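Coordinates as given in run.csv (CSV, C-alpha atoms):
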```csv
chain,number,residue,atom,x,y,z
J,65,MET,CA,-59.7,-14.8,-50.8
J,66,ILE,CA,-56.8,-17.1,-50.1
J,67,LEU,CA,-54.7,-16.2,-47.1
J,68,ARG,CA,-51.0,-17.2,-47.2
J,69,ARG,CA,-50.2,-19.7,-44.5
J,70,ASN,CA,-47.3,-18.8,-42.1
J,71,ASN,CA,-44.9,-21.7,-42.2
J,72,SER,CA,-42.6,-20.3,-39.6
J,73,PRO,CA,-41.7,-22.8,-36.8
J,74,TYR,CA,-42.5,-19.9,-34.4
J,75,GLY,CA,-46.2,-19.8,-35.4
J,76,GLN,CA,-48.1,-16.7,-36.3
J,77,GLY,CA,-46.4,-13.4,-36.2
J,78,SER,CA,-43.1,-12.1,-37.3
J,79,ALA,CA,-41.4,-10.9,-34.1
J,80,PRO,CA,-38.5,-13.4,-34.2
J,81,SER,CA,-37.7,-12.7,-37.8
J,82,ALA,CA,-37.9,-9.0,-37.2
J,83,LEU,CA,-35.5,-9.2,-34.3
J,84,GLY,CA,-33.2,-11.3,-36.3
J,85,GLY,CA,-33.3,-8.9,-39.2
J,86,GLY,CA,-32.7,-6.0,-36.8
J,87,LEU,CA,-29.6,-7.7,-35.5
J,88,MET,CA,-28.4,-8.4,-39.0
J,89,ARG,CA,-28.9,-4.7,-39.8
J,90,LEU,CA,-26.9,-3.8,-36.7
J,91,GLY,CA,-24.0,-6.0,-37.9
J,92,ALA,CA,-21.8,-8.4,-36.1
J,93,PRO,CA,-19.0,-5.8,-35.3
J,94,LEU,CA,-21.5,-3.6,-33.4
J,95,ILE,CA,-22.9,-6.5,-31.5
J,96,ILE,CA,-19.4,-7.7,-30.6
J,97,GLY,CA,-18.4,-4.2,-29.6
J,98,LEU,CA,-21.4,-3.8,-27.3
J,99,LEU,CA,-20.6,-7.1,-25.7
J,100,PHE,CA,-17.0,-6.1,-25.2
J,101,ALA,CA,-18.1,-2.8,-23.7
J,102,GLY,CA,-20.5,-4.5,-21.4
J,103,PHE,CA,-17.8,-7.0,-20.2
J,104,SER,CA,-15.3,-4.1,-19.6
J,105,TYR,CA,-17.9,-2.2,-17.6
J,106,PHE,CA,-19.0,-5.2,-15.6
J,107,LYS,CA,-15.4,-6.1,-14.8
J,108,TYR,CA,-14.8,-2.5,-13.6
J,109,CYS,CA,-17.9,-2.4,-11.4
J,110,ASN,CA,-16.9,-5.8,-9.9
J,111,THR,CA,-13.8,-4.2,-8.4
J,112,LYS,CA,-15.6,-1.9,-6.0
J,113,THR,CA,-14.1,-2.0,-2.5
J,114,TYR,CA,-14.4,0.1,0.6
J,115,ASN,CA,-11.5,2.1,1.8
J,116,GLU,CA,-12.0,2.1,5.6
J,117,HIS,CA,-9.2,4.6,6.2
J,118,LEU,CA,-10.9,7.3,4.0
J,119,GLY,CA,-14.5,6.2,4.4
J,120,ILE,CA,-15.1,6.0,0.6
J,121,TYR,CA,-15.8,3.3,-2.0
J,122,GLN,CA,-13.2,2.8,-4.8
J,123,HIS,CA,-12.6,0.6,-7.8
J,124,VAL,CA,-9.4,-1.3,-6.8
J,125,SER,CA,-8.8,-5.0,-7.4
J,126,LEU,CA,-5.3,-5.1,-5.9
J,127,THR,CA,-4.9,-6.2,-2.3
J,128,PRO,CA,-2.7,-4.2,0.1
J,129,ASP,CA,-0.2,-7.1,0.0
J,130,GLN,CA,-0.1,-6.9,-3.8
J,131,GLU,CA,0.4,-3.1,-3.6
J,132,ILE,CA,3.3,-3.5,-1.2
J,133,ALA,CA,4.9,-6.2,-3.4
J,134,ILE,CA,4.6,-4.0,-6.5
J,135,GLY,CA,6.1,-1.0,-4.7
J,136,LEU,CA,9.0,-3.0,-3.4
J,137,GLN,CA,9.7,-4.6,-6.7
J,138,SER,CA,9.5,-1.2,-8.6
J,139,ALA,CA,11.6,0.8,-6.1
J,140,PRO,CA,15.1,-0.3,-7.3
J,141,GLU,CA,14.3,0.7,-10.8
J,142,MET,CA,13.0,4.1,-9.7
J,143,VAL,CA,16.1,4.7,-7.7
J,144,GLN,CA,18.3,3.9,-10.6
J,145,GLN,CA,16.4,6.2,-12.9
J,146,HIS,CA,17.1,9.1,-10.6
J,147,GLY,CA,20.8,8.6,-10.1
J,148,GLY,CA,20.6,6.4,-7.0
J,149,LEU,CA,20.0,7.3,-3.4
J,150,ASP,CA,21.6,10.6,-2.3
J,151,PRO,CA,24.7,10.0,-0.3
J,152,ASP,CA,23.8,12.9,2.1
J,153,GLN,CA,23.0,10.9,5.2
J,154,ARG,CA,21.7,14.0,7.1
J,155,GLY,CA,19.3,14.7,4.3
J,156,GLN,CA,18.1,11.1,4.2
J,157,GLN,CA,17.6,11.3,8.0
J,158,ILE,CA,15.5,14.4,7.7
J,159,VAL,CA,13.3,12.9,5.0
J,160,LYS,CA,12.7,9.8,7.0
J,161,GLU,CA,12.1,11.7,10.2
J,162,VAL,CA,9.5,14.0,8.7
J,163,GLY,CA,7.8,11.2,6.8
J,164,GLN,CA,7.5,8.9,9.8
J,165,LYS,CA,6.2,11.7,11.9
J,166,LEU,CA,3.4,12.3,9.4
J,167,VAL,CA,2.6,8.5,9.4
J,168,GLN,CA,2.6,8.1,13.1
J,169,ALA,CA,0.4,11.1,13.8
J,170,SER,CA,-2.2,10.3,11.2
J,171,VAL,CA,-4.6,7.6,9.9
J,172,ALA,CA,-1.6,6.3,7.9
J,173,SER,CA,-0.4,4.5,11.0
J,174,LYS,CA,-3.6,2.3,10.9
J,175,THR,CA,-3.0,1.2,7.3
J,176,PRO,CA,-1.2,-2.1,6.4
J,177,TYR,CA,1.4,-0.3,4.2
J,178,ASN,CA,5.2,-0.3,4.8
J,179,TYR,CA,6.1,3.4,4.6
J,180,ASP,CA,9.7,4.2,3.8
J,181,PHE,CA,11.0,7.6,2.7
J,182,HIS,CA,14.0,8.2,0.4
J,183,LEU,CA,16.0,11.1,-0.9
J,184,LEU,CA,17.1,10.6,-4.5
J,185,ALA,CA,20.3,12.0,-5.9
J,186,ASP,CA,18.6,13.6,-9.0
J,187,PRO,CA,19.8,17.2,-9.1
J,188,GLN,CA,17.7,18.3,-12.1
J,189,LEU,CA,14.1,17.0,-11.9
J,190,VAL,CA,12.0,18.8,-9.3
J,191,ASN,CA,9.7,15.9,-8.3
J,192,ALA,CA,8.4,13.6,-5.6
J,193,PHE,CA,6.4,10.5,-6.1
J,194,ALA,CA,5.0,7.4,-4.2
J,195,LEU,CA,4.8,3.8,-5.3
J,196,PRO,CA,1.9,1.7,-4.2
J,197,GLY,CA,2.4,0.2,-0.8
J,198,GLY,CA,4.3,3.0,0.9
J,199,GLN,CA,7.6,3.7,-0.9
J,200,VAL,CA,8.0,7.5,-1.1
J,201,PHE,CA,10.7,9.5,-2.9
J,202,ILE,CA,11.8,13.1,-3.2
J,203,THR,CA,14.5,14.3,-5.6
J,204,ARG,CA,17.5,16.4,-4.5
J,205,ALA,CA,16.4,19.1,-6.9
J,206,LEU,CA,13.1,19.6,-5.0
J,207,PHE,CA,14.6,18.9,-1.6
J,208,ASP,CA,17.1,21.8,-2.0
J,209,GLN,CA,14.4,24.3,-2.8
J,210,LEU,CA,12.4,23.6,0.3
J,211,LYS,CA,13.0,26.1,3.1
J,212,ASN,CA,11.9,24.2,6.1
J,213,LYS,CA,10.5,20.9,7.5
J,214,ASP,CA,6.9,22.2,7.1
J,215,GLN,CA,7.3,22.4,3.4
J,216,LEU,CA,8.9,19.0,3.3
J,217,ALA,CA,6.0,17.7,5.3
J,218,GLY,CA,3.6,19.1,2.7
J,219,VAL,CA,5.4,17.3,-0.1
J,220,LEU,CA,5.6,14.0,1.8
J,221,GLY,CA,2.1,14.3,3.1
J,222,HIS,CA,0.8,14.7,-0.4
J,223,GLU,CA,2.6,11.5,-1.4
J,224,ILE,CA,1.3,9.6,1.6
J,225,GLY,CA,-2.1,10.7,0.4
J,226,HIS,CA,-1.5,8.9,-2.9
J,227,VAL,CA,-0.7,5.7,-1.0
J,228,ILE,CA,-3.7,5.8,1.3
J,229,GLY,CA,-5.9,6.9,-1.5
J,230,ARG,CA,-4.8,3.8,-3.4
J,231,HIS,CA,-4.4,5.9,-6.5
J,232,SER,CA,-2.2,3.6,-8.4
J,233,GLY,CA,-4.7,0.8,-8.1
J,234,GLU,CA,-7.6,3.1,-9.0
J,235,ARG,CA,-5.7,4.4,-12.0
J,236,MET,CA,-5.0,0.8,-13.2
J,237,GLU,CA,-8.7,-0.1,-13.0
J,238,LYS,CA,-9.9,3.2,-14.6
J,239,ASP,CA,-7.3,2.9,-17.5
J,240,GLY,CA,-8.4,-0.7,-18.0
J,241,LEU,CA,-12.0,0.4,-18.3
J,242,LEU,CA,-11.3,3.2,-20.7
J,243,ARG,CA,-9.1,1.1,-22.9
J,244,GLY,CA,-11.8,-1.5,-23.0
J,245,LEU,CA,-14.5,1.0,-24.0
J,246,ALA,CA,-12.2,2.6,-26.6
J,247,GLY,CA,-11.4,-0.8,-28.1
J,248,ALA,CA,-15.1,-1.7,-28.1
J,249,ALA,CA,-15.9,1.5,-30.0
J,250,GLY,CA,-13.3,0.7,-32.6
J,251,VAL,CA,-14.7,-2.8,-33.1
J,252,ALA,CA,-18.3,-1.6,-33.2
J,253,LEU,CA,-17.6,1.1,-35.7
J,254,GLY,CA,-15.2,-1.0,-37.8
J,255,ASP,CA,-13.1,2.1,-38.3
J,256,TYR,CA,-9.4,2.4,-37.2
J,257,GLY,CA,-9.6,6.2,-37.3
J,258,ALA,CA,-12.7,6.1,-35.0
J,259,SER,CA,-10.8,3.7,-32.7
J,260,GLN,CA,-7.9,6.1,-32.5
J,261,MET,CA,-10.2,9.0,-31.7
J,262,ALA,CA,-11.9,6.9,-29.0
J,263,GLN,CA,-8.5,6.2,-27.5
J,264,GLN,CA,-7.7,9.9,-27.5
J,265,VAL,CA,-11.0,10.6,-25.7
J,266,ALA,CA,-10.2,7.8,-23.2
J,267,MET,CA,-6.8,9.3,-22.6
J,268,LEU,CA,-8.2,12.8,-21.8
J,269,ILE,CA,-10.8,11.3,-19.4
J,270,GLY,CA,-7.9,9.5,-17.7
J,271,LEU,CA,-6.0,12.8,-17.4
J,272,LYS,CA,-9.0,14.4,-15.7
J,273,TYR,CA,-9.1,11.5,-13.3
J,274,GLY,CA,-5.5,12.0,-12.5
J,275,ARG,CA,-6.1,15.7,-11.6
J,276,GLU,CA,-8.8,14.6,-9.2
J,277,GLN,CA,-6.4,12.3,-7.5
J,278,GLU,CA,-3.8,15.1,-7.1
J,279,LEU,CA,-6.4,17.3,-5.5
J,280,GLN,CA,-7.4,14.5,-3.1
J,281,SER,CA,-3.8,14.0,-2.2
J,282,ASP,CA,-3.4,17.7,-1.5
J,283,ASP,CA,-6.4,17.6,0.8
J,284,LEU,CA,-5.1,14.5,2.6
J,285,GLY,CA,-1.6,16.1,2.9
J,286,ILE,CA,-3.1,19.1,4.6
J,287,ARG,CA,-4.9,16.9,7.0
J,288,PHE,CA,-1.7,14.9,7.8
J,289,MET,CA,0.3,18.1,8.3
J,290,ILE,CA,-2.2,19.4,10.9
J,291,ASP,CA,-2.3,16.0,12.6
J,292,ALA,CA,1.5,16.0,13.0
J,293,GLY,CA,1.8,19.7,14.1
J,294,TYR,CA,3.2,21.1,10.9
J,295,GLN,CA,2.1,24.5,9.4
J,296,PRO,CA,-0.2,23.7,6.4
J,297,GLU,CA,0.1,27.2,5.0
J,298,GLN,CA,3.6,26.2,4.0
J,299,MET,CA,2.1,24.0,1.3
J,300,ILE,CA,1.1,27.2,-0.5
J,301,ASP,CA,4.8,28.1,-0.8
J,302,VAL,CA,5.5,24.6,-2.2
J,303,MET,CA,3.0,25.4,-5.0
J,304,GLU,CA,5.1,28.5,-5.8
J,305,ILE,CA,8.2,26.3,-6.0
J,306,LEU,CA,6.4,23.9,-8.4
J,307,LYS,CA,5.1,26.8,-10.5
J,308,ALA,CA,8.6,28.2,-10.8
J,309,ALA,CA,9.9,24.8,-11.8
J,310,SER,CA,7.4,24.5,-14.6
J,311,GLY,CA,8.5,27.8,-16.0
J,312,GLY,CA,6.1,30.1,-14.2
J,313,ALA,CA,3.5,30.1,-16.8
J,314,GLN,CA,0.0,28.8,-16.2
J,315,ARG,CA,-0.5,25.5,-17.9
J,316,ASP,CA,-3.4,24.0,-19.9
J,317,GLU,CA,-5.0,21.7,-17.4
J,318,PHE,CA,-7.1,20.0,-20.1
J,319,SER,CA,-3.9,18.2,-21.3
J,320,SER,CA,-2.1,17.8,-18.0
J,321,THR,CA,-2.3,15.2,-15.3
J,322,HIS,CA,-1.6,17.7,-12.6
J,323,PRO,CA,-3.8,20.7,-11.8
J,324,ASP,CA,-2.2,24.1,-12.2
J,325,PRO,CA,-0.4,25.2,-9.0
J,326,GLU,CA,-2.5,28.4,-8.8
J,327,ASN,CA,-5.7,26.3,-8.8
J,328,ARG,CA,-4.2,23.9,-6.3
J,329,LYS,CA,-3.5,26.8,-4.0
J,330,GLU,CA,-7.1,27.7,-3.9
J,331,LYS,CA,-8.1,24.2,-3.0
J,332,ILE,CA,-5.3,24.0,-0.3
J,333,ILE,CA,-6.7,27.1,1.3
J,334,GLU,CA,-10.1,25.6,1.4
J,335,SER,CA,-8.7,22.4,3.0
J,336,ILE,CA,-6.9,24.4,5.6
J,337,GLN,CA,-10.1,26.3,6.5
J,338,LYS,CA,-12.1,23.1,6.5
J,339,TYR,CA,-9.8,21.1,8.9
J,340,ARG,CA,-9.1,24.2,11.1
J,341,SER,CA,-12.8,24.8,11.5
J,342,GLN,CA,-13.3,21.1,12.6
J,343,GLY,CA,-10.7,21.7,15.3
J,344,THR,CA,-8.9,18.5,14.3
J,345,ALA,CA,-7.8,16.8,11.1
J,346,ARG,CA,-8.4,13.3,12.4
J,347,PRO,CA,-11.2,11.4,10.7
J,348,PRO,CA,-14.3,10.6,12.8
J,349,GLN,CA,-14.1,7.2,14.6
```

Now that the file is in, can you turn its structure into structure tokens?
Amino acid sequence: MILRRNNSPYGQGSAPSALGGGLMRLGAPLIIGLLFAGFSYFKYCNTKTYNEHLGIYQHVSLTPDQEIAIGLQSAPEMVQQHGGLDPDQRGQQIVKEVGQKLVQASVASKTPYNYDFHLLADPQLVNAFALPGGQVFITRALFDQLKNKDQLAGVLGHEIGHVIGRHSGERMEKDGLLRGLAGAAGVALGDYGASQMAQQVAMLIGLKYGREQELQSDDLGIRFMIDAGYQPEQMIDVMEILKAASGGAQRDEFSSTHPDPENRKEKIIESIQKYRSQGTARPPQ
């Protein structure tokens, strides 16, 4: 019996050729897609930083100075989009007064951000928002519906929560990861339709992430209200205002960046009970 000699430069056995054949069967697009996905995930994990003001780890690559710069650069455009600053100087003073009281009485005063509060002239859009670094805005349409400073404090406290929570930076990193993974899926499958589907899934995951940020800001806002001596129960009435502004109907949370006001009310009540039971809203030192 004549045995066939193995002429492979690797010697006896077929492991290398089997591995090579396996890779060939997988196909170059899948390999490239896996490498792309691995790079995206590694890049995301490498952005992990500690938020000393909240006592949590986050994925944010921006520095506080960069956040401040982005906010200041974006503020004029935001003002222009909403009809400019409201000429009501008394209203501007109230917004700044309540906002600064919340900052000075809470952990926000220990952050490096430059907080400034603005009343926008927009008479139609019921909204408030914060840019990274501390620029906070509320529209005239929402301001006019608030009945007292406690409700205003609830709105502004929520927006301060977005700043301290570094939510803009978090969202940028999360969106980058999701786009990377969705793109990797499209490359690996070699199918444009599959890539589009992956992008849709990534978008829905991102929406879920946004709702979690909103709930965290609600919780922080309640903490800041209590720190500053405002009545946190007034935030429940703010939810009613937002519900009315959205048409009064319960929304589909699965396709919305903001939780439904009714569900937010439940979480707000839980936050009030939590901080009241602690006897203080200040974080442990």

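A straight line drawn from CA of Ile228 (chain J) to CA of Ala172 (chain J) is 6.9 Å long.
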
Using all atoms listed in the file, which residue out of J:Gly285, J:Gly119, J:Pro176, J:Pro128 lies closest to Gln215 (chain J)?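 That would be J:Gly285, the residue with the smallest distance to Gln215 (chain J).
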
Which residues of region 189-210 of chain J come within 12 Å of region 153-162 of chain J, and for each one, what is the closest pair of atoms and their distance in Å to one decimal, counting all atoms listed in the file, sorted by chain and residue number, as a tab-separated table?
```
residue	atom	partner	partner_atom	distance
J:Ala192	CA	J:Val159	CA	11.7
J:Gln199	CA	J:Lys160	CA	11.2
J:Val200	CA	J:Lys160	CA	9.6
J:Phe201	CA	J:Val159	CA	9.0
J:Ile202	CA	J:Val159	CA	8.3
J:Thr203	CA	J:Val159	CA	10.8
J:Arg204	CA	J:Gly155	CA	9.1
J:Phe207	CA	J:Gly155	CA	8.6
J:Asp208	CA	J:Gly155	CA	9.7
J:Leu210	CA	J:Val159	CA	11.7
```

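Closest approach to Leu166 (chain J) among J:Glu234, J:Asp291, J:Glu223, J:Glu116: J:Asp291, based on only C-alpha atoms.
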
Suppose you want the space between CA of Ser281 (chain J) and CA of Gly229 (chain J); what is it in Å?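 Separation of CA of Ser281 (chain J) and CA of Gly229 (chain J): 7.4 Å.
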
Just to confirm, what's the straight-line distance from CA of Glu304 (chain J) to CA of Leu216 (chain J) in Å (one decimal)? 13.7 Å

For region 323-336 of chain J, list every protein, DNA or RNA residue within 6 Å, evaluated using only C-alpha atoms, and leave out those in the same chain fewer than 5 positions away; present the list as a list in words.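 Surrounding residues, per the criterion: Arg275, Asp283, Ile300, Met303, Lys307 and Glu317 of chain J.
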